[in-house]
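Structure file query.pdb (PDB, C-alpha atoms, pLDDT in the B column) follows.
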MODEL        1
ATOM      1  CA  MET A  68      20.385  35.873  12.215  1.00 45.00           C
ATOM      2  CA  THR A  69      20.646  32.121  12.526  1.00 47.00           C
ATOM      3  CA  ASP A  70      18.287  31.990  15.490  1.00 49.00           C
ATOM      4  CA  VAL A  71      15.651  33.939  13.573  1.00 47.00           C
ATOM      5  CA  SER A  72      15.873  32.044  10.304  1.00 48.00           C
ATOM      6  CA  LEU A  73      16.008  28.526  11.769  1.00 46.00           C
ATOM      7  CA  PRO A  74      12.376  28.382  12.958  1.00 61.00           C
ATOM      8  CA  GLY A  75      11.217  29.647   9.567  1.00 57.00           C
ATOM      9  CA  ALA A  76      13.231  26.965   7.811  1.00 56.00           C
ATOM     10  CA  GLN A  77      11.790  24.330  10.132  1.00 55.00           C
ATOM     11  CA  VAL A  78       8.246  25.518   9.421  1.00 59.00           C
ATOM     12  CA  THR A  79       8.898  25.422   5.689  1.00 66.00           C
ATOM     13  CA  GLU A  80      10.281  21.889   5.954  1.00 64.00           C
ATOM     14  CA  ALA A  81       7.292  20.786   8.043  1.00 65.00           C
ATOM     15  CA  ASN A  82       4.852  22.286   5.532  1.00 72.00           C
ATOM     16  CA  LEU A  83       6.608  20.542   2.668  1.00 69.00           C
ATOM     17  CA  ALA A  84       6.481  17.225   4.524  1.00 69.00           C
ATOM     18  CA  LEU A  85       2.757  17.683   5.203  1.00 76.00           C
ATOM     19  CA  LYS A  86       2.084  18.465   1.541  1.00 77.00           C
ATOM     20  CA  ARG A  87       3.982  15.351   0.505  1.00 76.00           C
ATOM     21  CA  ILE A  88       1.954  13.190   2.887  1.00 79.00           C
ATOM     22  CA  LEU A  89      -1.362  14.656   1.685  1.00 82.00           C
ATOM     23  CA  THR A  90      -0.252  14.267  -1.922  1.00 82.00           C
ATOM     24  CA  ALA A  91       0.670  10.643  -1.246  1.00 83.00           C
ATOM     25  CA  ALA A  92      -2.763  10.058   0.318  1.00 83.00           C
ATOM     26  CA  TRP A  93      -4.783  11.203  -2.703  1.00 86.00           C
ATOM     27  CA  LEU A  94      -2.393   9.523  -5.108  1.00 88.00           C
ATOM     28  CA  ALA A  95      -2.885   6.317  -3.101  1.00 87.00           C
ATOM     29  CA  VAL A  96      -6.650   6.542  -3.625  1.00 88.00           C
ATOM     30  CA  ILE A  97      -6.111   6.741  -7.376  1.00 91.00           C
ATOM     31  CA  ALA A  98      -3.583   3.909  -7.221  1.00 89.00           C
ATOM     32  CA  GLY A  99      -6.012   1.776  -5.214  1.00 87.00           C
ATOM     33  CA  VAL A 100      -8.721   2.169  -7.843  1.00 90.00           C
ATOM     34  CA  LEU A 101      -6.356   1.441 -10.732  1.00 92.00           C
ATOM     35  CA  VAL A 102      -4.771  -1.592  -9.094  1.00 91.00           C
ATOM     36  CA  GLN A 103      -8.154  -3.041  -8.163  1.00 89.00           C
ATOM     37  CA  MET A 104      -9.286  -2.644 -11.766  1.00 92.00           C
ATOM     38  CA  ILE A 105      -6.180  -4.591 -12.836  1.00 93.00           C
ATOM     39  CA  VAL A 106      -6.913  -7.283 -10.241  1.00 91.00           C
ATOM     40  CA  VAL A 107     -10.493  -7.626 -11.461  1.00 90.00           C
ATOM     41  CA  GLY A 108      -9.278  -7.794 -15.046  1.00 92.00           C
ATOM     42  CA  VAL A 109      -6.784 -10.525 -14.186  1.00 93.00           C
ATOM     43  CA  ARG A 110      -9.469 -12.509 -12.374  1.00 90.00           C
ATOM     44  CA  ALA A 111     -11.832 -12.217 -15.341  1.00 91.00           C
ATOM     45  CA  TRP A 112      -9.010 -13.233 -17.710  1.00 93.00           C
ATOM     46  CA  ALA A 113      -8.417 -16.312 -15.556  1.00 90.00           C
ATOM     47  CA  GLY A 114     -12.069 -17.292 -15.858  1.00 89.00           C
ATOM     48  CA  GLY A 115     -13.452 -15.831 -12.650  1.00 84.00           C
ATOM     49  CA  VAL A 116     -16.974 -14.452 -12.306  1.00 81.00           C
ATOM     50  CA  ILE A 117     -17.257 -10.756 -11.436  1.00 79.00           C
ATOM     51  CA  GLU A 118     -20.299  -9.950  -9.313  1.00 79.00           C
ATOM     52  CA  GLN A 119     -21.517  -6.370  -8.890  1.00 78.00           C
ATOM     53  CA  ILE A 120     -21.805  -6.489  -5.106  1.00 78.00           C
ATOM     54  CA  GLY A 121     -18.495  -8.271  -4.743  1.00 80.00           C
ATOM     55  CA  PHE A 122     -16.825  -5.738  -7.014  1.00 83.00           C
ATOM     56  CA  ALA A 123     -18.113  -2.796  -4.944  1.00 87.00           C
ATOM     57  CA  ALA A 124     -16.998  -4.376  -1.660  1.00 86.00           C
ATOM     58  CA  GLU A 125     -13.539  -5.201  -3.005  1.00 87.00           C
ATOM     59  CA  MET A 126     -13.123  -1.734  -4.485  1.00 89.00           C
ATOM     60  CA  ALA A 127     -14.000  -0.151  -1.125  1.00 90.00           C
ATOM     61  CA  GLN A 128     -11.492  -2.433   0.580  1.00 90.00           C
ATOM     62  CA  ALA A 129      -8.770  -1.698  -1.976  1.00 89.00           C
ATOM     63  CA  VAL A 130      -9.145   2.085  -1.789  1.00 90.00           C
ATOM     64  CA  THR A 131      -9.206   2.060   2.013  1.00 91.00           C
ATOM     65  CA  TRP A 132      -6.171  -0.208   2.206  1.00 90.00           C
ATOM     66  CA  SER A 133      -4.177   1.749  -0.345  1.00 89.00           C
ATOM     67  CA  ALA A 134      -4.947   5.175   1.143  1.00 89.00           C
ATOM     68  CA  LEU A 135      -4.212   4.178   4.738  1.00 90.00           C
ATOM     69  CA  VAL A 136      -1.071   2.139   4.227  1.00 91.00           C
ATOM     70  CA  CYS A 137       0.513   4.436   1.621  1.00 88.00           C
ATOM     71  CA  ALA A 138      -0.206   7.512   3.756  1.00 87.00           C
ATOM     72  CA  ALA A 139       1.434   5.779   6.712  1.00 88.00           C
ATOM     73  CA  ILE A 140       4.465   4.811   4.632  1.00 90.00           C
ATOM     74  CA  ALA A 141       4.618   8.423   3.417  1.00 85.00           C
ATOM     75  CA  VAL A 142       4.792   9.629   7.021  1.00 84.00           C
ATOM     76  CA  GLY A 143       7.733   7.337   7.669  1.00 82.00           C
ATOM     77  CA  THR A 144       9.641   7.981   4.461  1.00 83.00           C
ATOM     78  CA  LEU A 145       8.845  11.582   3.546  1.00 70.00           C
ATOM     79  CA  ALA A 146       8.408  13.228   6.947  1.00 64.00           C
ATOM     80  CA  SER A 147      11.260  11.681   8.892  1.00 56.00           C
ATOM     81  CA  LYS A 148      14.235  12.706   6.764  1.00 58.00           C
ATOM     82  CA  SER A 149      14.655   9.115   5.646  1.00 50.00           C
ATOM     83  CA  ARG A 150      15.158   7.478   9.038  1.00 75.00           C
ATOM     84  CA  GLN A 151      14.863   3.888   7.963  1.00 84.00           C
ATOM     85  CA  GLN A 152      14.143   2.452  11.405  1.00 87.00           C
ATOM     86  CA  PHE A 153      11.317   4.912  12.010  1.00 87.00           C
ATOM     87  CA  ALA A 154       9.784   4.206   8.611  1.00 88.00           C
ATOM     88  CA  GLY A 155      10.077   0.459   9.158  1.00 90.00           C
ATOM     89  CA  LEU A 156       8.407   0.720  12.564  1.00 91.00           C
ATOM     90  CA  ILE A 157       5.505   2.674  11.108  1.00 91.00           C
ATOM     91  CA  GLY A 158       5.091   0.073   8.368  1.00 91.00           C
ATOM     92  CA  LEU A 159       5.154  -2.737  10.936  1.00 93.00           C
ATOM     93  CA  PHE A 160       2.083  -1.342  12.681  1.00 93.00           C
ATOM     94  CA  ALA A 161       0.386   0.340   9.719  1.00 92.00           C
ATOM     95  CA  GLY A 162       0.301  -2.822   7.590  1.00 93.00           C
ATOM     96  CA  PRO A 163      -1.900  -4.924   9.913  1.00 93.00           C
ATOM     97  CA  LEU A 164      -4.011  -1.973  11.074  1.00 94.00           C
ATOM     98  CA  ALA A 165      -4.725  -0.781   7.533  1.00 93.00           C
ATOM     99  CA  TRP A 166      -5.459  -4.357   6.415  1.00 93.00           C
ATOM    100  CA  ALA A 167      -7.923  -4.845   9.275  1.00 92.00           C
ATOM    101  CA  ALA A 168      -9.564  -1.460   8.627  1.00 93.00           C
ATOM    102  CA  ALA A 169      -9.924  -2.240   4.930  1.00 92.00           C
ATOM    103  CA  LYS A 170     -11.485  -5.607   5.747  1.00 90.00           C
ATOM    104  CA  GLY A 171     -13.914  -3.819   8.072  1.00 90.00           C
ATOM    105  CA  VAL A 172     -14.934  -1.476   5.262  1.00 91.00           C
ATOM    106  CA  GLN A 173     -15.418  -4.448   2.943  1.00 88.00           C
ATOM    107  CA  LYS A 174     -17.632  -6.206   5.499  1.00 86.00           C
ATOM    108  CA  GLY A 175     -19.614  -2.974   5.952  1.00 89.00           C
ATOM    109  CA  VAL A 176     -20.316  -2.722   2.223  1.00 86.00           C
ATOM    110  CA  GLN A 177     -21.295  -6.387   2.142  1.00 83.00           C
ATOM    111  CA  ALA A 178     -23.668  -5.859   5.074  1.00 86.00           C
ATOM    112  CA  LEU A 179     -25.280  -2.822   3.449  1.00 85.00           C
ATOM    113  CA  ALA A 180     -25.782  -4.794   0.239  1.00 76.00           C
ATOM    114  CA  GLY A 181     -27.211  -7.775   2.111  1.00 78.00           C
ATOM    115  CA  ALA A 182     -24.442 -10.018   0.799  1.00 76.00           C
ATOM    116  CA  PRO A 183     -22.637 -12.738   2.804  1.00 76.00           C
ATOM    117  CA  GLN A 184     -19.808 -11.226   4.823  1.00 79.00           C
ATOM    118  CA  ASP A 185     -16.246 -12.486   4.795  1.00 76.00           C
ATOM    119  CA  GLN A 186     -15.290 -14.091   8.103  1.00 79.00           C
ATOM    120  CA  LEU A 187     -12.181 -13.244  10.126  1.00 80.00           C
ATOM    121  CA  THR A 188     -10.561 -16.659   9.870  1.00 87.00           C
ATOM    122  CA  PRO A 189      -7.038 -17.752  10.919  1.00 90.00           C
ATOM    123  CA  LEU A 190      -6.040 -17.110   7.301  1.00 91.00           C
ATOM    124  CA  PHE A 191      -7.030 -13.461   7.679  1.00 91.00           C
ATOM    125  CA  TRP A 192      -4.910 -13.069  10.813  1.00 93.00           C
ATOM    126  CA  SER A 193      -1.984 -14.844   9.157  1.00 94.00           C
ATOM    127  CA  VAL A 194      -2.097 -12.475   6.198  1.00 94.00           C
ATOM    128  CA  CYS A 195      -2.530  -9.570   8.622  1.00 93.00           C
ATOM    129  CA  ALA A 196       0.689 -10.557  10.414  1.00 95.00           C
ATOM    130  CA  TRP A 197       2.533 -10.868   7.105  1.00 96.00           C
ATOM    131  CA  LYS A 198       1.360  -7.378   6.106  1.00 96.00           C
ATOM    132  CA  GLY A 199       3.173  -6.034   9.150  1.00 95.00           C
ATOM    133  CA  ILE A 200       6.424  -7.649   8.052  1.00 96.00           C
ATOM    134  CA  GLU A 201       5.950  -6.712   4.400  1.00 96.00           C
ATOM    135  CA  TYR A 202       5.284  -3.040   5.030  1.00 95.00           C
ATOM    136  CA  ALA A 203       7.998  -2.775   7.649  1.00 95.00           C
ATOM    137  CA  VAL A 204      10.406  -3.883   4.904  1.00 96.00           C
ATOM    138  CA  LEU A 205       8.725  -1.560   2.389  1.00 95.00           C
ATOM    139  CA  GLY A 206       8.953   1.431   4.723  1.00 93.00           C
ATOM    140  CA  PHE A 207      12.580   0.714   5.612  1.00 94.00           C
ATOM    141  CA  GLY A 208      13.588   0.188   2.002  1.00 93.00           C
ATOM    142  CA  LEU A 209      11.747   3.206   0.625  1.00 92.00           C
ATOM    143  CA  ALA A 210      13.240   5.434   3.324  1.00 89.00           C
ATOM    144  CA  ALA A 211      16.676   4.293   2.211  1.00 89.00           C
ATOM    145  CA  ILE A 212      15.839   5.027  -1.434  1.00 91.00           C
ATOM    146  CA  VAL A 213      14.363   8.434  -0.560  1.00 85.00           C
ATOM    147  CA  GLY A 214      17.637   9.250   1.172  1.00 81.00           C
ATOM    148  CA  ARG A 215      19.512   8.767  -2.081  1.00 82.00           C
ATOM    149  CA  ALA A 216      19.156  11.981  -4.064  1.00 74.00           C
ATOM    150  CA  GLU A 217      20.149  10.224  -7.300  1.00 76.00           C
ATOM    151  CA  ALA A 218      17.437   7.548  -7.007  1.00 79.00           C
ATOM    152  CA  ARG A 219      15.059   7.434  -9.979  1.00 89.00           C
ATOM    153  CA  LEU A 220      11.602   5.970 -10.542  1.00 90.00           C
ATOM    154  CA  GLY A 221      13.091   2.676 -11.678  1.00 92.00           C
ATOM    155  CA  SER A 222      14.617   2.109  -8.248  1.00 93.00           C
ATOM    156  CA  TYR A 223      11.222   2.525  -6.583  1.00 94.00           C
ATOM    157  CA  ILE A 224       9.439   0.286  -9.077  1.00 95.00           C
ATOM    158  CA  THR A 225      12.081  -2.452  -8.879  1.00 96.00           C
ATOM    159  CA  PHE A 226      12.075  -2.532  -5.087  1.00 96.00           C
ATOM    160  CA  GLY A 227       8.273  -2.492  -4.852  1.00 96.00           C
ATOM    161  CA  ALA A 228       7.880  -5.178  -7.528  1.00 97.00           C
ATOM    162  CA  LEU A 229      10.422  -7.519  -5.921  1.00 97.00           C
ATOM    163  CA  LEU A 230       8.780  -7.170  -2.516  1.00 97.00           C
ATOM    164  CA  GLY A 231       5.351  -7.575  -4.116  1.00 96.00           C
ATOM    165  CA  LEU A 232       6.508 -10.750  -5.856  1.00 97.00           C
ATOM    166  CA  LEU A 233       7.724 -12.166  -2.545  1.00 97.00           C
ATOM    167  CA  SER A 234       4.453 -11.183  -0.898  1.00 97.00           C
ATOM    168  CA  ALA A 235       2.450 -12.827  -3.675  1.00 97.00           C
ATOM    169  CA  CYS A 236       4.285 -16.112  -3.127  1.00 97.00           C
ATOM    170  CA  ILE A 237       3.739 -15.980   0.648  1.00 97.00           C
ATOM    171  CA  VAL A 238       0.066 -14.989   0.502  1.00 97.00           C
ATOM    172  CA  ILE A 239      -0.705 -17.641  -2.111  1.00 97.00           C
ATOM    173  CA  ALA A 240       1.149 -20.222  -0.011  1.00 97.00           C
ATOM    174  CA  LEU A 241      -0.921 -19.228   3.044  1.00 96.00           C
ATOM    175  CA  ASN A 242      -4.131 -19.590   1.047  1.00 95.00           C
ATOM    176  CA  LEU A 243      -3.093 -22.982  -0.306  1.00 96.00           C
ATOM    177  CA  ALA A 244      -2.128 -24.216   3.160  1.00 95.00           C
ATOM    178  CA  ASN A 245      -5.425 -23.007   4.598  1.00 93.00           C
ATOM    179  CA  ALA A 246      -7.380 -24.734   1.823  1.00 93.00           C
ATOM    180  CA  THR A 247      -5.432 -27.958   2.301  1.00 93.00           C
ATOM    181  CA  LEU A 248      -6.154 -27.967   6.036  1.00 91.00           C
ATOM    182  CA  ALA A 249      -9.835 -27.422   5.286  1.00 87.00           C
ATOM    183  CA  GLY A 250      -9.831 -30.229   2.715  1.00 88.00           C
ATOM    184  CA  GLY A 251     -10.492 -27.905  -0.193  1.00 88.00           C
ATOM    185  CA  SER A 252      -8.609 -26.094  -2.936  1.00 90.00           C
ATOM    186  CA  VAL A 253      -8.000 -22.554  -4.155  1.00 91.00           C
ATOM    187  CA  PRO A 254      -9.605 -21.750  -7.546  1.00 92.00           C
ATOM    188  CA  GLY A 255      -7.287 -20.642 -10.312  1.00 92.00           C
ATOM    189  CA  PRO A 256      -8.932 -17.217 -10.736  1.00 91.00           C
ATOM    190  CA  LYS A 257      -8.415 -16.485  -7.038  1.00 92.00           C
ATOM    191  CA  ILE A 258      -4.742 -17.427  -7.234  1.00 94.00           C
ATOM    192  CA  ALA A 259      -4.353 -15.140 -10.252  1.00 95.00           C
ATOM    193  CA  SER A 260      -6.063 -12.236  -8.494  1.00 93.00           C
ATOM    194  CA  LEU A 261      -4.017 -12.768  -5.313  1.00 94.00           C
ATOM    195  CA  PHE A 262      -0.822 -12.660  -7.372  1.00 96.00           C
ATOM    196  CA  ALA A 263      -1.851  -9.461  -9.155  1.00 95.00           C
ATOM    197  CA  ASN A 264      -3.062  -7.837  -5.940  1.00 94.00           C
ATOM    198  CA  GLU A 265       0.161  -8.419  -4.011  1.00 95.00           C
ATOM    199  CA  LEU A 266       2.478  -7.590  -6.889  1.00 95.00           C
ATOM    200  CA  PHE A 267       0.819  -4.391  -8.029  1.00 94.00           C
ATOM    201  CA  PHE A 268      -0.123  -2.895  -4.653  1.00 93.00           C
ATOM    202  CA  ALA A 269       3.440  -2.918  -3.334  1.00 94.00           C
ATOM    203  CA  THR A 270       4.678  -1.542  -6.648  1.00 95.00           C
ATOM    204  CA  ALA A 271       1.971   1.130  -6.724  1.00 94.00           C
ATOM    205  CA  CYS A 272       2.742   2.253  -3.174  1.00 93.00           C
ATOM    206  CA  SER A 273       6.413   2.661  -4.104  1.00 94.00           C
ATOM    207  CA  MET A 274       5.425   4.714  -7.136  1.00 93.00           C
ATOM    208  CA  VAL A 275       3.137   6.859  -4.961  1.00 92.00           C
ATOM    209  CA  ILE A 276       6.052   7.762  -2.679  1.00 90.00           C
ATOM    210  CA  TYR A 277       8.217   8.710  -5.668  1.00 90.00           C
ATOM    211  CA  THR A 278       5.450  10.722  -7.335  1.00 89.00           C
ATOM    212  CA  ALA A 279       4.563  12.586  -4.132  1.00 84.00           C
ATOM    213  CA  GLN A 280       8.170  13.714  -3.880  1.00 80.00           C
ATOM    214  CA  ALA A 281       8.361  14.713  -7.537  1.00 80.00           C
ATOM    215  CA  LEU A 282       5.120  16.699  -7.460  1.00 79.00           C
ATOM    216  CA  THR A 283       5.901  18.643  -4.296  1.00 68.00           C
ATOM    217  CA  ARG A 284       9.406  19.296  -5.537  1.00 65.00           C
ATOM    218  CA  ASN A 285       8.584  20.424  -9.060  1.00 62.00           C
ATOM    219  CA  LEU A 286       5.040  21.833  -9.147  1.00 56.00           C
ATOM    220  CA  ALA A 287       4.721  25.352  -7.809  1.00 47.00           C
ATOM    221  CA  ILE A 288       1.042  24.846  -7.014  1.00 43.00           C
ATOM    222  CA  LEU A 289       2.008  22.301  -4.339  1.00 44.00           C
ATOM    223  CA  LYS A 290       4.733  24.492  -2.904  1.00 47.00           C
ATOM    224  CA  THR A 291       2.512  27.401  -2.032  1.00 46.00           C
TER     225      THR A 291
ENDMDL
END
Can you turn what I pasted into structure tokens?
Amino acid sequence: MTDVSLPGAQVTEANLALKRILTAAWLAVIAGVLVQMIVVGVRAWAGGVIEQIGFAAEMAQAVTWSALVCAAIAVGTLASKSRQQFAGLIGLFAGPLAWAAAKGVQKGVQALAGAPQDQLTPLFWSVCAWKGIEYAVLGFGLAAIVGRAEARLGSYITFGALLGLLSACIVIALNLANATLAGGSVPGPKIASLFANELFFATACSMVIYTAQALTRNLAILKT
């Protein structure tokens, strides 16, 4: 009896994990759009100019980044029975790869629109390296939270927000250092948008992982 039922249970568990990953992916697309709208709003509030072509390119980058990195984190946290090391390893590689892919999409949109393309400067590679560290920590931490059955949404939001706050400080510091070396400065609206981007994306990704679990656990339509 056990030998017959075990494969069926494994298939059911695998199907549930796949549904959670797919759910996380489409939730991440929505989160990417919403967070980018917040970032644009913060930039405008800080006095920045919003250009149509720039907005389209940044939105494409944000959606690509959010979908790829949150789906990868979902694989590590929702499909590995909360193995923290595995989730952290996935985040370590997924962060830089997703960041680079998103930048490629942004440059593609800029090229299609005939707008100046962002260059892959040392600052880009520095941020890329930090994304690996950041999302390794995010994957590890979320896997630990997923493993706690009593964990609630607040735990996910708090962890994501704290990591996002740390990331905002580091990314802003990297931008300031790069500007200083180049003999320039970082405009206030850009600093504001960098802060919002880092804070809200990490928080949103944490919420995506929680919501993907809740939906696949509680909605019958996602269980069938």
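We find CA of Val275 (chain A) and CA of Ala139 (chain A) to be spaced 11.8 Å apart.
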Dump as a tab-separated table the rows for residues of region 97-165 of chain A within 6 Å of region 174-198 of chain A: closest atom pair and distance in Å with one decimal, only C-alpha atoms counted, ordered by chain and rising residue number.
residue	atom	partner	partner_atom	distance
A:Ala124	CA	A:Val176	CA	5.4
A:Gly162	CA	A:Lys198	CA	4.9
A:Pro163	CA	A:Cys195	CA	4.9
Practice item. Run through the PyMOL selection byres ((chain A and resi 228-244) around 6) on the given coordinates and return the selected residues as a PyMOL selection string. Key: chain A and resi 224-227+245-247+262+265-266+269-270
Exercise for review: Go through the shown structure with the PyMOL selection byres ((chain A and resi 100-109) around 6) and write out the matching residues as a ChimeraX atom specification.
Suggested key: /A:97-99,110-112,260,263-264
Practice item. Please indicate the distance in Å from CA of Ala138 (chain A) to CA of Ala91 (chain A), rounded to one decimal place. Key: 6.0 Å
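With all atoms listed in the file as the basis for measurement, A:Ser133 is the residue among A:Gly121, A:Ala113, A:Ser133, A:Gln173 that approaches Phe267 (chain A) most closely.
In this structure, CA of Ala259 (chain A) sits 9.8 Å away from CA of Gly114 (chain A).
Comparing A:Tyr277, A:Phe268, A:Tyr202, A:Phe122 by their smallest distance to Ser222 (chain A), the closest is A:Tyr277 (using all atoms listed in the file).
This file, queried with the PyMOL selection byres ((chain A and resi 276) around 9), gives the residues Arg87, Ile88, Ala91, Leu94, Cys137, Ala138, Ile140, Ala141, Thr144, Leu145, Leu209, Val213, Tyr223, Ala271, Cys272, Ser273, Met274, Val275, Tyr277, Thr278, Ala279, Gln280 and Ala281 of chain A.
Proximity ranking of A:Gly214, A:Met126, A:Gly115, A:Lys170 relative to Ala154 (chain A) places A:Gly214 first, based on only C-alpha atoms.
In terms of minimum interatomic distance to Ala123 (chain A), A:Val172 ranks closest within A:Val172, A:Leu220, A:Arg215, A:Gly255, counting all atoms listed in the file.
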Once 8 Å is added on each side, what centre and edge lengths in Å to one decimal does the axis-aligned box around all listed atoms of region 170-184 of chain A have, as JSON?
{"center_x": -19.3, "center_y": -7.1, "center_z": 4.2, "size_x": 31.7, "size_y": 27.3, "size_z": 23.8}
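Compared by their closest atoms to Ala161 (chain A), and using only C-alpha atoms, the residues A:Ala95, A:Ala127, A:Pro254, A:Gly206 rank with A:Gly206 nearest.
Minimum atom-to-atom distances from A:Gly251, A:Gly158, A:Ala167, A:Pro256 to Gly208 (chain A) were compared using all atoms listed in the file, and the lowest value belongs to A:Gly158.
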Would you mind listing what lies within 7 Å of Gln151 (chain A) as a PDB file with C-alpha atoms, in the frame of the given file, with only C-alpha atoms counted and same-chain residues fewer than 6 positions away left out?
ATOM      1  CA  PHE A 207      12.580   0.714   5.612  1.00 94.00           C
ATOM      2  CA  ALA A 210      13.240   5.434   3.324  1.00 89.00           C
ATOM      3  CA  ALA A 211      16.676   4.293   2.211  1.00 89.00           C
TER       4      ALA A 211
END
